[in-house]
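Engineer: Dropping a structure here in structure tokens format, bear with me for questions.
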Amino acid sequence: MILGEPGPPRAAMRPITLTCPACKAAQESSTFNHGELTPCANCGVPLQIEVFPALFRRVAPGRDGELVMEGESTCFYHPAKKAVRPCEGCGRFVCALCDCELHGQHFCPTCLEVGQKKGKIKSLENRRMLYDSIALVLAGGGLLIWPFSCVTAPCALYLAVRYWNAPQGLIRRTKIRYILAIILATGEIIGWLVGLYLIFNNHKSNG
């Protein structure tokens with residue numbers, strides 16, 4: 001049995017030939033896909049030749065974004081274009097025009113844009129906001145300049161809680177800065193509340 005598989009794109013005038021494995025003689029296309037043994041016209045060896053329909057297709061060398069043909073997958077964004085591969089982010093089929101290659105991975109334009117905005121594709125990132133360091137600086141600065149801690153402490157506490165699960169630095173970091181910022185900021189806020197309470201009571205007693 002000779003099975004014909006679709007190979008590289010062929011020029012429109014290139015003939016289709018399959019040869020007998022015994023005598024190497026070219027076989028006529030009229031003997032293909034009969035579903036039974038047919039003797040070779042040259043040596044008489046019985047052959048059953050089954051070929052895929054793509055073998056008969058006459059196409060010019062492929063180009064980016066070539067038009068889709070019957071039975072082929074289409075691009076999600078361009079229904080009239082032939083799909084070349086699925087997106088590794090969402091699984092949608094994309095044509096060569098929509099195929100965005102990044103470090104060996106292939107994404108559609110939407111996944112690439114979303115991945116860049118939300119930081120889901122790590123290879124797109126070259127910097128990150130270190131919210132844990134910012135929170136710790138705000139909380140520590142409140143200890144050095146106490147009057148400002150009424151503002152810096154709540155801000156530090158908010159950043160630590162809000163961005164607790166946010167992607168950290170490009171180099172793996174622990175959450176120790178968040179923990180220290182929360183402890184310091186909470187202590188400063190409690191200090192302010194106690195101080196205001198004492199001042200209020202003192203003023204009330206004197207009044």
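Each chain of the structure tokens is named A, B, ... in the order shown, its residues numbered from 1; ligands are numbered from 1 in display order.
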Leaving out A:Val84 and any residue of its chain fewer than 2 positions from it, which residues lie within 9 Å of it when counting only C-alpha atoms, given as a PDB file with C-alpha atoms, in the first residue's frame?
Structural biologist:
```
ATOM      1  CA  GLY A  65      -2.339  35.144   5.339  1.00  0.00           C
ATOM      2  CA  SER A  73      -9.301  25.856   9.856  1.00  0.00           C
ATOM      3  CA  THR A  74      -9.888  29.592   9.724  1.00  0.00           C
ATOM      4  CA  CYS A  75      -8.388  32.464  11.677  1.00  0.00           C
ATOM      5  CA  LYS A  82      -6.146  30.132   6.744  1.00  0.00           C
ATOM      6  CA  PRO A  86      -3.527  27.973  17.865  1.00  0.00           C
ATOM      7  CA  PHE A  93      -6.740  29.587  15.749  1.00  0.00           C
ATOM      8  CA  VAL A  94      -4.856  32.470  14.138  1.00  0.00           C
ATOM      9  CA  CYS A  95      -3.475  33.172  10.687  1.00  0.00           C
ATOM     10  CA  ALA A  96       0.131  34.113   9.961  1.00  0.00           C
ATOM     11  CA  ASP A  99       0.459  35.016  14.969  1.00  0.00           C
TER      12      ASP A  99
END
```
Engineer: Find the nearest atom pair between each residue of stretch 132-178 of chain A and stretch 191-206 of chain A for residues within 10 Å, count only C-alpha atoms, give distances in Å to one decimal, sort rows by chain and ascending number, and present the table as a Markdown table.
Structural biologist:
```
| residue | atom | partner | partner_atom | distance |
| --- | --- | --- | --- | --- |
| A:Trp146 | CA | A:Trp192 | CA | 9.7 |
| A:Pro147 | CA | A:Trp192 | CA | 9.6 |
| A:Ser149 | CA | A:Trp192 | CA | 8.6 |
| A:Cys150 | CA | A:Trp192 | CA | 7.1 |
| A:Ala153 | CA | A:Trp192 | CA | 9.9 |
```
Engineer: Atom CA of A:Gln116 and atom CA of A:Leu136, how far apart in Å?
Structural biologist: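 Atom CA of A:Gln116 lies 27.1 Å from atom CA of A:Leu136.
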Engineer: Using only C-alpha atoms, pick whichever of A:Leu143, A:Ile134, A:Cys40, A:Val151 has the shortest atom-to-atom distance to A:Leu184.
Structural biologist: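 The shortest atom-to-atom distance to A:Leu184 comes from A:Leu143.
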Engineer: Could you work out how far atom CA of A:Glu88 lies from atom CA of A:Glu113, giving the answer in Å with one decimal?
Structural biologist: 13.7 Å
Engineer: For atom CA of A:Ile49 and atom CA of A:Pro21, quote the distance in Å rounded to one decimal.
Structural biologist: 11.2 Å
Engineer: Smallest atom-to-atom distance to A:Cys100: which of A:Arg85, A:Ala80, A:Tyr178, A:Ala26, using only C-alpha atoms?
Structural biologist: A:Arg85
Engineer: For A:Gly35, find every residue with an atom within 10 Å (counting only C-alpha atoms), except residues of its own chain fewer than 4 positions away, and show them as an NGL selection string.
Structural biologist: :A and (31 or 48-50)
Engineer: Could you check which of A:His78, A:Arg92, A:His34, A:Arg173 is closest to A:Val51, using only C-alpha atoms?
Structural biologist: A:His34
Engineer: Compile the contact shell of A:Thr17 as a PyMOL selection string: residues with an atom at most 9 Å away, counting only C-alpha atoms, same-chain residues fewer than 2 positions apart removed.
Structural biologist: chain A and resi 15+19+26-29
Engineer: For those residues, write C-alpha atoms to a file as a short mmCIF file (atom, residue, chain, number, x, y, z; two decimals), in the first residue's frame.
Structural biologist:
```
data_model
loop_
_atom_site.label_atom_id
_atom_site.label_comp_id
_atom_site.auth_asym_id
_atom_site.auth_seq_id
_atom_site.Cartn_x
_atom_site.Cartn_y
_atom_site.Cartn_z
CA PRO A 15 3.01 16.92 -11.90
CA THR A 19 6.11 5.29 -8.00
CA ALA A 26 5.28 6.17 -12.10
CA GLN A 27 1.69 5.23 -11.43
CA GLU A 28 -1.33 6.77 -13.11
CA SER A 29 -3.66 8.80 -10.93
#
```
